[in-house]
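Notes follow once the structure below has been shown.
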Amino acid sequence: MTVASGMRYRLIDLIRHGEVEGGRCFRGRRDDPLSAVGWSQLETATGTGGRMQRARDSSALGAISRPIEATTGAPPWDRILCSPAARCAHFADRLAADIELPAEQMDSLRERDFGNWEGLRADQIPPQALARFWADPSAYDPPGSEPFVDFRRRVIAGWQRALDGGGNHLLLITHGGVIRVIIGELLGIPNE
C-alpha cells in the first residue's frame, strides 16, 4: 500500500500474523503463539524463506541470512511496527534482529477484544448473535467486548502515530480486524 504523506509517498506493508496454535476461534486479547505453519507463512510473506526457522532451531541468531531487496541489496523496511500479541511480536522481534532494526510494539495495533466470545469457535456462539455480528460488526458488539467505535478510534490513532513516526517503507505486523479498519479508513469505506 502506498500512502501520500504531504507531498511525500510511503510504502507500507500490512501483514496479518500467520496461523496460531489452538485452532480457529475468536482471538483478540487471547495471546496464543504462532504455530510452525504460521511462522512459515510469515517467513514467506516477508521473503525470509526458511532462514528464520533454521535460526530458531539452531539458536544461532548470527547464522540467519538477512532478507534483502533484490534490486538494492538493502533491507526492504526502515521501520517495523507490530501488535504486542505474541503471534505478531515474536516474529517481528526476530525479523527486526535479523535486519538490525528495532521492532516497535504498538498497543493500538492489538486486535479487538471479543469479550465473552474470546476463545470460542463460531459454532459455539448462538447463531443469531453470530449472524448479527457477521452482517455488521460495527453495529453489533459481542457481550463484554471492546465496542467497535472504541476499537476503530484506537486503531486509527495508532495508524496516525505510525505515519507521524517517519520512515519511507514501513512493515506493520498485526491482525485482520486492524488491517480492515486501516484499509477502510484509507479507502473511505463505511464501517458497516
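Simple scheme: letters A, B, ... for chains in C-alpha cells order, numbers from 1 for residues in each chain, numbers from 1 for ligands in the order shown.
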From a backbone DSSP assignment, name each residue in chain A labelled helix (DSSP H, G or I), as number ranges by chain.
A: 36-46, 51-58, 61-63, 86-98, 107-109, 115-117, 122-124, 127-135, 148-164, 176-187
Would you list the contacts of Ser108 in chain A as an NGL selection string, taking every protein, DNA or RNA residue within 9 Å and counting only C-alpha atoms, but skipping same-chain residues closer than 2 positions in sequence?
:A and (83 or 105-106 or 110-111 or 151 or 154-159 or 178)
Store the residues picked out above in a file with C-alpha atoms, as a PDB file, in the first residue's frame.
```pdb
ATOM      1  CA  SER A  83       0.923  -5.621  17.812  1.00  0.00           C
ATOM      2  CA  GLN A 105       5.294  -2.675  19.590  1.00  0.00           C
ATOM      3  CA  MET A 106       2.171  -0.531  19.457  1.00  0.00           C
ATOM      4  CA  ARG A 110      -3.853  -5.077  19.053  1.00  0.00           C
ATOM      5  CA  GLU A 111      -6.869  -6.988  17.748  1.00  0.00           C
ATOM      6  CA  PHE A 151     -11.588  -0.276  18.572  1.00  0.00           C
ATOM      7  CA  ARG A 154      -7.731   3.193  18.856  1.00  0.00           C
ATOM      8  CA  VAL A 155      -6.546   1.706  15.560  1.00  0.00           C
ATOM      9  CA  ILE A 156      -6.824   4.976  13.606  1.00  0.00           C
ATOM     10  CA  ALA A 157      -4.976   6.899  16.340  1.00  0.00           C
ATOM     11  CA  GLY A 158      -2.202   4.281  16.223  1.00  0.00           C
ATOM     12  CA  TRP A 159      -2.111   4.413  12.428  1.00  0.00           C
ATOM     13  CA  VAL A 178      -6.843  -3.925  12.476  1.00  0.00           C
TER      14      VAL A 178
END
```
Excluding Ile183 in chain A and residues on its chain fewer than 4 positions from it, collect all residues at most 12 Å away from it, counting only C-alpha atoms, and give them as JSON, numbers by chain.
{"A": [1, 2, 3, 12, 13, 14, 152, 155, 156, 159, 176, 177, 178, 179, 187, 188, 189, 190, 191]}
I'd like the contact shell of range 135-140 of chain A - 12 Å cut-off, only C-alpha atoms, skipping same-chain residues fewer than 6 positions apart - returned as a ChimeraX atom specification.
/A:112,114,127-129,146-152,177,180-181,184,190-192
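The closest residue to Asn116 in chain A, picked from A:Gly23, A:Gly165, A:Pro84, A:Gly28 and counting only C-alpha atoms, is A:Gly28.
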Have a look at A:Asp31, A:Glu21, A:Asp78, A:Glu118 and name the one nearest to Ala103 in chain A; count only C-alpha atoms.
A:Asp78
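One finds CA of Leu170 in chain A at 7.8 Å from CA of Arg10 in chain A.
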